[in-house]
Number of protein chains: 2
Amino acid sequence: MYKRRGKVFVVSGPSGVGKGTLVEEVLKKRDIHLSISCTSRAPRHNEREGVDYFFINKEDFLEKIDKNAFAEWAEVYGNYYGTPKAELEKHLSKGQDVILEIEMLGAAQIKELGEDAVLIFVLPPNLKTLKNRLISRKTEDSSAIEARLSCTMDELKHLSNYDYYLVNKNIDLTVDELLSIIDSQAHRVSKDFIEYLEESERQFSL
Amino acid sequence: MYKRRGKVFVVSGPSGVGKGTLVEEVLKKRDIHLSISCTSRAPRHNEREGVDYFFINKEDFLEKIDKNAFAEWAEVYGNYYGTPKAELEKHLSKGQDVILEIEMLGAAQIKELGEDAVLIFVLPPNLKTLKNRLISRKTEDSSAIEARLSCTMDELKHLSNYDYYLVNKNIDLTVDELLSIIDSQAHRVSKDFIEYLEESERQFSL
């Protein structure tokens, strides 16, 4: 029987667009592993080791960077965040798909890895909707929100790195759309698949 | 609002694999136009003009080839088959997706057109299943069936031209898989989409 390697699904998008909820719903509906990042930042009071992040100190993080142990990493406001290669490999080699919720720079690194990666960007229906969502969260003042919106417009210029986009107007609809993207990937013609067919001659079993 | 051009879905696969049933089910469930081919072959008694084919004579067919009027065409056992460009354009320009059930050589021509085309190949779970289906049809003798199977194995060598494959074990499941491929295409990041976002600045509406 043909057994494929796992695929990496990367979900990115501006703060407030609803990425977290989307990923949560997908995890309920499909057998996909959610990759947990490492970070050098201190845990917040409600964050749990190995659930929200793997918390390591800055020295250890830098050492891992030197050893090329991250599939992707980034420094954000002096804190480091990254996805350990070993963690990814553990699942992909078993044929299990992995989902990563990371930002644009990390996504580009994943694409460069040569891993079978599918990059998905979640957009708001328009910037006004995103602004309203950020305002209703009440976690940032208006200048921080304006900075975020301007950052989002900058990000859109790099959207060509992504394979798919979703417009999160209605969460149930967007979940279904994300599932169609995920499900369709199991049927992509790959080099591995063609090799399997060629080697199996008339005996292939699918 | 962003309005995209229609996409072309090409469905190919060996005789007896169930392509026709799959396409029929998709047409019931999605707003896709089934492209009707032209042929120079004489209509069979149950075939209707404009439903099964557009029947034209050989001279007219050859003239259309000269005029580059076909998006794809092929000669099979002395008969010509082809998809008129005008017929495709009529739907694609309105943003409507079109599905084509054509063989491998035609599929390759569609890909070369530069049209936004998605190529899907339908496989049997194994060659034995395909052989049994062809036998139970009782339309061909065993040497013709052996020739078909050998032709199928040759075709598989060119599977890399295709974007997706489906394994038709269970028709209901395979229809769902085909729908996930079709649905996911509406979310592909394209040059057109990026241009729309860039031009719309903060005013984008999706």
# chains A, B, ... in the order shown; residues from 1 in each chain; ligands from 1

$ calpha_fit_and_write --fixed "chain A" --moving "chain B" --output "CSV table (one decimal) with C-alpha atoms, in the first residue's frame"
chain,number,residue,atom,x,y,z
B,1,MET,CA,0.0,0.0,0.0
B,2,TYR,CA,1.1,3.6,-0.7
B,3,LYS,CA,1.9,5.4,2.5
B,4,ARG,CA,2.8,9.1,2.2
B,5,ARG,CA,4.9,11.3,4.5
B,6,GLY,CA,2.9,13.9,6.5
B,7,LYS,CA,2.3,17.4,5.2
B,8,VAL,CA,2.9,20.7,7.0
B,9,PHE,CA,-0.1,23.1,7.1
B,10,VAL,CA,0.9,26.6,8.0
B,11,VAL,CA,-1.8,29.1,9.1
B,12,SER,CA,-0.9,32.8,9.2
B,13,GLY,CA,-2.9,36.0,9.3
B,14,PRO,CA,-3.2,39.2,11.2
B,15,SER,CA,-3.9,39.4,14.9
B,16,GLY,CA,-7.7,39.3,15.5
B,17,VAL,CA,-8.6,37.5,12.3
B,18,GLY,CA,-9.6,34.3,14.0
B,19,LYS,CA,-6.7,31.9,13.3
B,20,GLY,CA,-6.8,30.3,16.7
B,21,THR,CA,-10.5,29.4,16.5
B,22,LEU,CA,-10.1,28.0,13.0
B,23,VAL,CA,-7.2,25.8,14.0
B,24,GLU,CA,-9.1,24.6,17.1
B,25,GLU,CA,-12.0,23.5,14.9
B,26,VAL,CA,-9.8,21.7,12.4
B,27,LEU,CA,-8.1,19.8,15.3
B,28,LYS,CA,-11.5,18.6,16.4
B,29,LYS,CA,-12.5,17.4,12.9
B,30,ARG,CA,-9.3,15.9,11.5
B,31,ASP,CA,-6.4,13.8,12.7
B,32,ILE,CA,-3.7,16.6,12.6
B,33,HIS,CA,-1.1,17.3,15.1
B,34,LEU,CA,-0.8,20.9,16.4
B,35,SER,CA,2.9,21.8,16.6
B,36,ILE,CA,3.9,23.5,19.9
B,37,SER,CA,6.5,26.3,19.5
B,38,CYS,CA,9.5,26.9,21.8
B,39,THR,CA,9.9,30.4,23.2
B,40,SER,CA,12.4,32.2,25.3
B,41,ARG,CA,9.7,34.4,26.7
B,42,ALA,CA,8.5,33.9,30.3
B,43,PRO,CA,5.2,32.0,30.7
B,44,ARG,CA,2.1,34.2,31.3
B,45,HIS,CA,0.1,33.1,34.3
B,46,ASN,CA,-2.4,31.0,32.3
B,47,GLU,CA,0.1,29.4,30.0
B,48,ARG,CA,1.2,25.8,30.4
B,49,GLU,CA,4.4,24.1,29.5
B,50,GLY,CA,4.0,21.8,26.5
B,51,VAL,CA,0.5,23.0,25.9
B,52,ASP,CA,0.9,26.7,24.9
B,53,TYR,CA,4.7,26.6,24.5
B,54,PHE,CA,7.8,24.8,25.4
B,55,PHE,CA,9.5,27.4,27.6
B,56,ILE,CA,13.3,27.5,27.5
B,57,ASN,CA,15.8,30.1,28.4
B,58,LYS,CA,17.4,32.5,25.9
B,59,GLU,CA,20.8,30.8,26.1
B,60,ASP,CA,19.3,27.4,25.2
B,61,PHE,CA,17.3,29.0,22.5
B,62,LEU,CA,20.4,30.6,20.9
B,63,GLU,CA,22.3,27.3,21.2
B,64,LYS,CA,19.5,25.5,19.3
B,65,ILE,CA,19.7,28.2,16.6
B,66,ASP,CA,23.4,27.6,16.3
B,67,LYS,CA,22.8,23.8,16.0
B,68,ASN,CA,20.2,24.5,13.2
B,69,ALA,CA,17.6,22.7,15.4
B,70,PHE,CA,14.7,24.9,14.3
B,71,ALA,CA,12.5,24.4,11.2
B,72,GLU,CA,11.7,28.1,11.6
B,73,TRP,CA,12.4,30.8,14.2
B,74,ALA,CA,11.9,34.5,14.7
B,75,GLU,CA,12.8,37.2,17.2
B,76,VAL,CA,9.8,39.4,18.2
B,77,TYR,CA,10.3,42.3,20.6
B,78,GLY,CA,13.4,40.6,22.0
B,79,ASN,CA,11.7,37.2,22.6
B,80,TYR,CA,12.5,34.2,20.5
B,81,TYR,CA,9.9,31.8,19.1
B,82,GLY,CA,10.6,28.7,17.0
B,83,THR,CA,9.5,25.2,15.8
B,84,PRO,CA,11.9,22.4,16.6
B,85,LYS,CA,12.8,20.3,13.6
B,86,ALA,CA,12.8,17.1,15.7
B,87,GLU,CA,9.2,17.8,16.8
B,88,LEU,CA,8.1,18.1,13.2
B,89,GLU,CA,10.0,15.1,12.0
B,90,LYS,CA,8.6,12.9,14.7
B,91,HIS,CA,5.1,13.3,13.2
B,92,LEU,CA,5.8,13.8,9.5
B,93,SER,CA,7.9,10.6,9.3
B,94,LYS,CA,4.9,8.6,10.7
B,95,GLY,CA,2.7,10.1,7.9
B,96,GLN,CA,0.9,12.4,10.2
B,97,ASP,CA,0.0,15.9,9.1
B,98,VAL,CA,1.1,18.8,11.3
B,99,ILE,CA,-0.5,22.3,11.6
B,100,LEU,CA,1.6,25.4,12.5
B,101,GLU,CA,0.1,28.7,13.5
B,102,ILE,CA,3.0,31.0,12.8
B,103,GLU,CA,3.7,34.4,11.2
B,104,MET,CA,4.9,35.3,7.7
B,105,LEU,CA,8.6,35.1,8.3
B,106,GLY,CA,8.4,31.7,9.9
B,107,ALA,CA,6.1,30.5,7.0
B,108,ALA,CA,8.7,31.5,4.5
B,109,GLN,CA,11.4,29.5,6.3
B,110,ILE,CA,9.1,26.4,6.3
B,111,LYS,CA,8.6,26.7,2.6
B,112,GLU,CA,12.4,26.9,2.1
B,113,LEU,CA,12.9,23.7,4.1
B,114,GLY,CA,11.7,21.6,1.1
B,115,GLU,CA,9.1,20.0,3.3
B,116,ASP,CA,5.7,19.3,1.7
B,117,ALA,CA,4.2,22.5,3.1
B,118,VAL,CA,0.9,24.2,2.3
B,119,LEU,CA,0.7,27.8,3.3
B,120,ILE,CA,-2.7,29.4,4.1
B,121,PHE,CA,-3.3,33.0,4.9
B,122,VAL,CA,-6.4,34.1,6.8
B,123,LEU,CA,-7.8,37.5,5.8
B,124,PRO,CA,-10.6,39.6,7.3
B,125,PRO,CA,-13.5,40.5,4.9
B,126,ASN,CA,-12.1,44.1,5.0
B,127,LEU,CA,-9.8,46.1,7.2
B,128,LYS,CA,-12.7,47.8,9.0
B,129,THR,CA,-13.9,44.4,10.3
B,130,LEU,CA,-10.4,43.7,11.6
B,131,LYS,CA,-10.2,47.1,13.3
B,132,ASN,CA,-13.5,46.6,15.0
B,133,ARG,CA,-12.4,43.2,16.3
B,134,LEU,CA,-9.2,44.6,17.7
B,135,ILE,CA,-11.1,47.5,19.3
B,136,SER,CA,-13.7,45.1,20.9
B,137,ARG,CA,-10.8,43.0,22.4
B,138,LYS,CA,-9.8,46.1,24.5
B,139,THR,CA,-6.2,44.9,24.8
B,140,GLU,CA,-4.6,47.6,22.8
B,141,ASP,CA,-5.0,51.4,22.4
B,142,SER,CA,-5.9,53.0,19.1
B,143,SER,CA,-2.3,53.8,18.0
B,144,ALA,CA,-1.3,50.2,18.6
B,145,ILE,CA,-4.3,49.1,16.5
B,146,GLU,CA,-3.4,51.5,13.7
B,147,ALA,CA,0.1,50.1,13.7
B,148,ARG,CA,-1.3,46.6,13.4
B,149,LEU,CA,-3.5,47.5,10.5
B,150,SER,CA,-0.7,49.2,8.7
B,151,CYS,CA,1.5,46.1,9.3
B,152,THR,CA,-1.3,43.9,7.9
B,153,MET,CA,-1.3,45.9,4.7
B,154,ASP,CA,2.5,45.5,4.4
B,155,GLU,CA,2.1,41.8,4.9
B,156,LEU,CA,-0.4,41.5,2.1
B,157,LYS,CA,2.4,42.5,-0.3
B,158,HIS,CA,4.0,39.2,0.5
B,159,LEU,CA,0.9,37.1,0.1
B,160,SER,CA,2.4,35.5,-3.0
B,161,ASN,CA,4.5,33.2,-0.7
B,162,TYR,CA,1.2,31.6,0.3
B,163,ASP,CA,-0.7,28.9,-1.6
B,164,TYR,CA,-4.2,29.6,-0.3
B,165,TYR,CA,-6.1,32.4,1.3
B,166,LEU,CA,-9.3,32.3,3.3
B,167,VAL,CA,-11.7,35.2,4.0
B,168,ASN,CA,-13.0,34.8,7.6
B,169,LYS,CA,-16.5,36.2,7.3
B,170,ASN,CA,-18.3,33.4,9.0
B,171,ILE,CA,-16.4,31.0,11.1
B,172,ASP,CA,-18.4,27.8,10.2
B,173,LEU,CA,-18.0,28.5,6.5
B,174,THR,CA,-14.3,29.3,6.8
B,175,VAL,CA,-13.7,26.1,8.8
B,176,ASP,CA,-15.3,24.1,5.9
B,177,GLU,CA,-13.2,26.0,3.4
B,178,LEU,CA,-10.0,25.2,5.4
B,179,LEU,CA,-11.1,21.5,5.6
B,180,SER,CA,-11.5,21.4,1.8
B,181,ILE,CA,-7.9,22.7,1.4
B,182,ILE,CA,-6.6,20.2,3.9
B,183,ASP,CA,-8.6,17.3,2.5
B,184,SER,CA,-7.6,18.1,-1.1
B,185,GLN,CA,-3.9,17.9,-0.3
B,186,ALA,CA,-4.1,14.1,0.3
B,187,HIS,CA,-4.7,13.8,-3.4
B,188,ARG,CA,-1.8,15.8,-4.8
B,189,VAL,CA,0.3,14.0,-7.4
B,190,SER,CA,3.8,13.9,-5.8
B,191,LYS,CA,7.1,12.5,-7.0
B,192,ASP,CA,6.8,9.8,-4.2
B,193,PHE,CA,3.4,8.7,-5.5
B,194,ILE,CA,4.6,8.4,-9.1
B,195,GLU,CA,7.6,6.4,-8.0
B,196,TYR,CA,5.3,4.1,-6.0
B,197,LEU,CA,3.1,3.5,-9.1
B,198,GLU,CA,6.1,2.9,-11.4
B,199,GLU,CA,7.8,0.4,-9.0
B,200,SER,CA,4.6,-1.5,-8.3
B,201,GLU,CA,3.9,-2.1,-12.0
B,202,ARG,CA,0.5,-3.8,-12.3
B,203,GLN,CA,0.4,-4.7,-8.6
B,204,PHE,CA,-0.3,-1.3,-7.3
B,205,SER,CA,-2.8,-1.2,-4.4
B,206,LEU,CA,-4.3,2.2,-3.4

$ select_by_dssp --residues "segment 3-174 of chain B" --states "helix (DSSP H, G or I)" --output "MDAnalysis selection string"
chainID B and resid 19:29 58:66 85:92 104:112 127:137 142:156 159:161 171:174

$ write_last_selection --atoms "C-alpha atoms" --output "PDB file, in the first residue's frame"
ATOM      1  CA  LYS B  19     -15.143   9.324 -14.600  1.00  0.00           C
ATOM      2  CA  GLY B  20     -18.584   9.861 -16.129  1.00  0.00           C
ATOM      3  CA  THR B  21     -20.459   9.119 -12.896  1.00  0.00           C
ATOM      4  CA  LEU B  22     -18.082  11.334 -10.910  1.00  0.00           C
ATOM      5  CA  VAL B  23     -18.567  14.299 -13.245  1.00  0.00           C
ATOM      6  CA  GLU B  24     -22.339  13.778 -13.262  1.00  0.00           C
ATOM      7  CA  GLU B  25     -22.445  13.935  -9.440  1.00  0.00           C
ATOM      8  CA  VAL B  26     -20.284  17.060  -9.338  1.00  0.00           C
ATOM      9  CA  LEU B  27     -22.597  18.808 -11.816  1.00  0.00           C
ATOM     10  CA  LYS B  28     -25.526  18.100  -9.501  1.00  0.00           C
ATOM     11  CA  LYS B  29     -23.709  19.577  -6.507  1.00  0.00           C
ATOM     12  CA  LYS B  58     -14.185  16.271 -40.949  1.00  0.00           C
ATOM     13  CA  GLU B  59     -13.506  19.180 -43.354  1.00  0.00           C
ATOM     14  CA  ASP B  60     -14.982  21.697 -40.904  1.00  0.00           C
ATOM     15  CA  PHE B  61     -13.005  20.119 -38.082  1.00  0.00           C
ATOM     16  CA  LEU B  62      -9.720  20.395 -40.001  1.00  0.00           C
ATOM     17  CA  GLU B  63     -10.526  24.006 -40.896  1.00  0.00           C
ATOM     18  CA  LYS B  64     -11.076  24.793 -37.207  1.00  0.00           C
ATOM     19  CA  ILE B  65      -7.718  23.211 -36.385  1.00  0.00           C
ATOM     20  CA  ASP B  66      -6.083  25.451 -39.012  1.00  0.00           C
ATOM     21  CA  LYS B  85     -11.807  27.828 -27.450  1.00  0.00           C
ATOM     22  CA  ALA B  86     -14.841  30.097 -27.880  1.00  0.00           C
ATOM     23  CA  GLU B  87     -17.004  27.707 -25.874  1.00  0.00           C
ATOM     24  CA  LEU B  88     -14.500  27.745 -22.987  1.00  0.00           C
ATOM     25  CA  GLU B  89     -13.999  31.495 -23.098  1.00  0.00           C
ATOM     26  CA  LYS B  90     -17.736  32.200 -22.947  1.00  0.00           C
ATOM     27  CA  HIS B  91     -17.928  30.636 -19.470  1.00  0.00           C
ATOM     28  CA  LEU B  92     -14.499  31.446 -18.032  1.00  0.00           C
ATOM     29  CA  MET B 104      -4.194  12.730 -21.361  1.00  0.00           C
ATOM     30  CA  LEU B 105      -3.030  14.389 -24.590  1.00  0.00           C
ATOM     31  CA  GLY B 106      -5.883  16.887 -24.508  1.00  0.00           C
ATOM     32  CA  ALA B 107      -5.193  17.585 -20.828  1.00  0.00           C
ATOM     33  CA  ALA B 108      -1.581  18.445 -21.626  1.00  0.00           C
ATOM     34  CA  GLN B 109      -2.751  20.938 -24.290  1.00  0.00           C
ATOM     35  CA  ILE B 110      -5.081  22.619 -21.794  1.00  0.00           C
ATOM     36  CA  LYS B 111      -2.203  23.010 -19.333  1.00  0.00           C
ATOM     37  CA  GLU B 112      -0.069  24.625 -22.049  1.00  0.00           C
ATOM     38  CA  LEU B 127      -5.613  -2.950 -12.105  1.00  0.00           C
ATOM     39  CA  LYS B 128      -7.550  -6.102 -11.216  1.00  0.00           C
ATOM     40  CA  THR B 129     -10.591  -3.993 -10.253  1.00  0.00           C
ATOM     41  CA  LEU B 130     -10.387  -2.109 -13.540  1.00  0.00           C
ATOM     42  CA  LYS B 131     -10.092  -5.370 -15.481  1.00  0.00           C
ATOM     43  CA  ASN B 132     -13.167  -6.758 -13.729  1.00  0.00           C
ATOM     44  CA  ARG B 133     -15.170  -3.634 -14.504  1.00  0.00           C
ATOM     45  CA  LEU B 134     -14.230  -3.812 -18.180  1.00  0.00           C
ATOM     46  CA  ILE B 135     -15.123  -7.534 -18.304  1.00  0.00           C
ATOM     47  CA  SER B 136     -18.518  -6.955 -16.675  1.00  0.00           C
ATOM     48  CA  ARG B 137     -19.358  -4.265 -19.263  1.00  0.00           C
ATOM     49  CA  SER B 142     -10.232 -10.041 -23.580  1.00  0.00           C
ATOM     50  CA  SER B 143      -7.467  -8.955 -25.966  1.00  0.00           C
ATOM     51  CA  ALA B 144      -8.981  -5.460 -26.247  1.00  0.00           C
ATOM     52  CA  ILE B 145      -9.204  -5.350 -22.445  1.00  0.00           C
ATOM     53  CA  GLU B 146      -5.560  -6.406 -22.091  1.00  0.00           C
ATOM     54  CA  ALA B 147      -4.598  -3.657 -24.551  1.00  0.00           C
ATOM     55  CA  ARG B 148      -6.519  -1.111 -22.456  1.00  0.00           C
ATOM     56  CA  LEU B 149      -4.799  -2.209 -19.242  1.00  0.00           C
ATOM     57  CA  SER B 150      -1.393  -1.993 -20.816  1.00  0.00           C
ATOM     58  CA  CYS B 151      -2.294   1.461 -22.157  1.00  0.00           C
ATOM     59  CA  THR B 152      -3.338   2.508 -18.630  1.00  0.00           C
ATOM     60  CA  MET B 153       0.059   1.480 -17.255  1.00  0.00           C
ATOM     61  CA  ASP B 154       1.725   3.585 -19.983  1.00  0.00           C
ATOM     62  CA  GLU B 155      -0.455   6.544 -19.082  1.00  0.00           C
ATOM     63  CA  LEU B 156       0.551   6.368 -15.432  1.00  0.00           C
ATOM     64  CA  LEU B 159       0.839  11.265 -14.325  1.00  0.00           C
ATOM     65  CA  SER B 160       3.245  14.058 -13.324  1.00  0.00           C
ATOM     66  CA  ASN B 161       1.346  16.351 -15.711  1.00  0.00           C
ATOM     67  CA  ILE B 171     -18.132   6.487  -5.594  1.00  0.00           C
ATOM     68  CA  ASP B 172     -19.662   8.558  -2.737  1.00  0.00           C
ATOM     69  CA  LEU B 173     -16.281   9.002  -1.089  1.00  0.00           C
ATOM     70  CA  THR B 174     -14.585   9.832  -4.370  1.00  0.00           C
TER      71      THR B 174
END

$ select_by_dssp --residues "segment 18-188 of chain A" --states "strand (DSSP E or B)" --output "PyMOL selection string"
chain A and resi 33-34+38-39+49+53-55+70-76+79-84+98-101+117-123+164-167+188

$ write_last_selection --atoms "C-alpha atoms" --output "mmCIF file, in the first residue's frame"
data_model
loop_
_atom_site.group_PDB
_atom_site.id
_atom_site.type_symbol
_atom_site.label_atom_id
_atom_site.label_comp_id
_atom_site.auth_asym_id
_atom_site.auth_seq_id
_atom_site.Cartn_x
_atom_site.Cartn_y
_atom_site.Cartn_z
ATOM 1 C CA HIS A 33 -1.060 17.320 15.106
ATOM 2 C CA LEU A 34 -0.763 20.907 16.353
ATOM 3 C CA CYS A 38 9.495 26.881 21.784
ATOM 4 C CA THR A 39 9.861 30.334 23.241
ATOM 5 C CA GLU A 49 4.495 24.042 29.517
ATOM 6 C CA TYR A 53 4.698 26.573 24.475
ATOM 7 C CA PHE A 54 7.854 24.779 25.432
ATOM 8 C CA PHE A 55 9.520 27.385 27.632
ATOM 9 C CA PHE A 70 14.684 24.945 14.299
ATOM 10 C CA ALA A 71 12.552 24.449 11.220
ATOM 11 C CA GLU A 72 11.683 28.129 11.596
ATOM 12 C CA TRP A 73 12.346 30.788 14.225
ATOM 13 C CA ALA A 74 11.906 34.514 14.720
ATOM 14 C CA GLU A 75 12.736 37.194 17.260
ATOM 15 C CA VAL A 76 9.766 39.355 18.221
ATOM 16 C CA ASN A 79 11.723 37.229 22.613
ATOM 17 C CA TYR A 80 12.501 34.172 20.520
ATOM 18 C CA TYR A 81 9.918 31.803 19.067
ATOM 19 C CA GLY A 82 10.611 28.696 17.009
ATOM 20 C CA THR A 83 9.493 25.242 15.809
ATOM 21 C CA PRO A 84 11.962 22.427 16.626
ATOM 22 C CA VAL A 98 1.110 18.832 11.287
ATOM 23 C CA ILE A 99 -0.447 22.282 11.591
ATOM 24 C CA LEU A 100 1.553 25.373 12.547
ATOM 25 C CA GLU A 101 0.090 28.726 13.508
ATOM 26 C CA ALA A 117 4.182 22.471 3.086
ATOM 27 C CA VAL A 118 0.864 24.160 2.345
ATOM 28 C CA LEU A 119 0.715 27.840 3.305
ATOM 29 C CA ILE A 120 -2.653 29.361 4.130
ATOM 30 C CA PHE A 121 -3.291 33.015 4.931
ATOM 31 C CA VAL A 122 -6.446 34.102 6.749
ATOM 32 C CA LEU A 123 -7.834 37.500 5.766
ATOM 33 C CA TYR A 164 -4.207 29.615 -0.343
ATOM 34 C CA TYR A 165 -6.152 32.427 1.300
ATOM 35 C CA LEU A 166 -9.334 32.323 3.329
ATOM 36 C CA VAL A 167 -11.686 35.197 4.032
ATOM 37 C CA ARG A 188 -1.860 15.833 -4.814
#
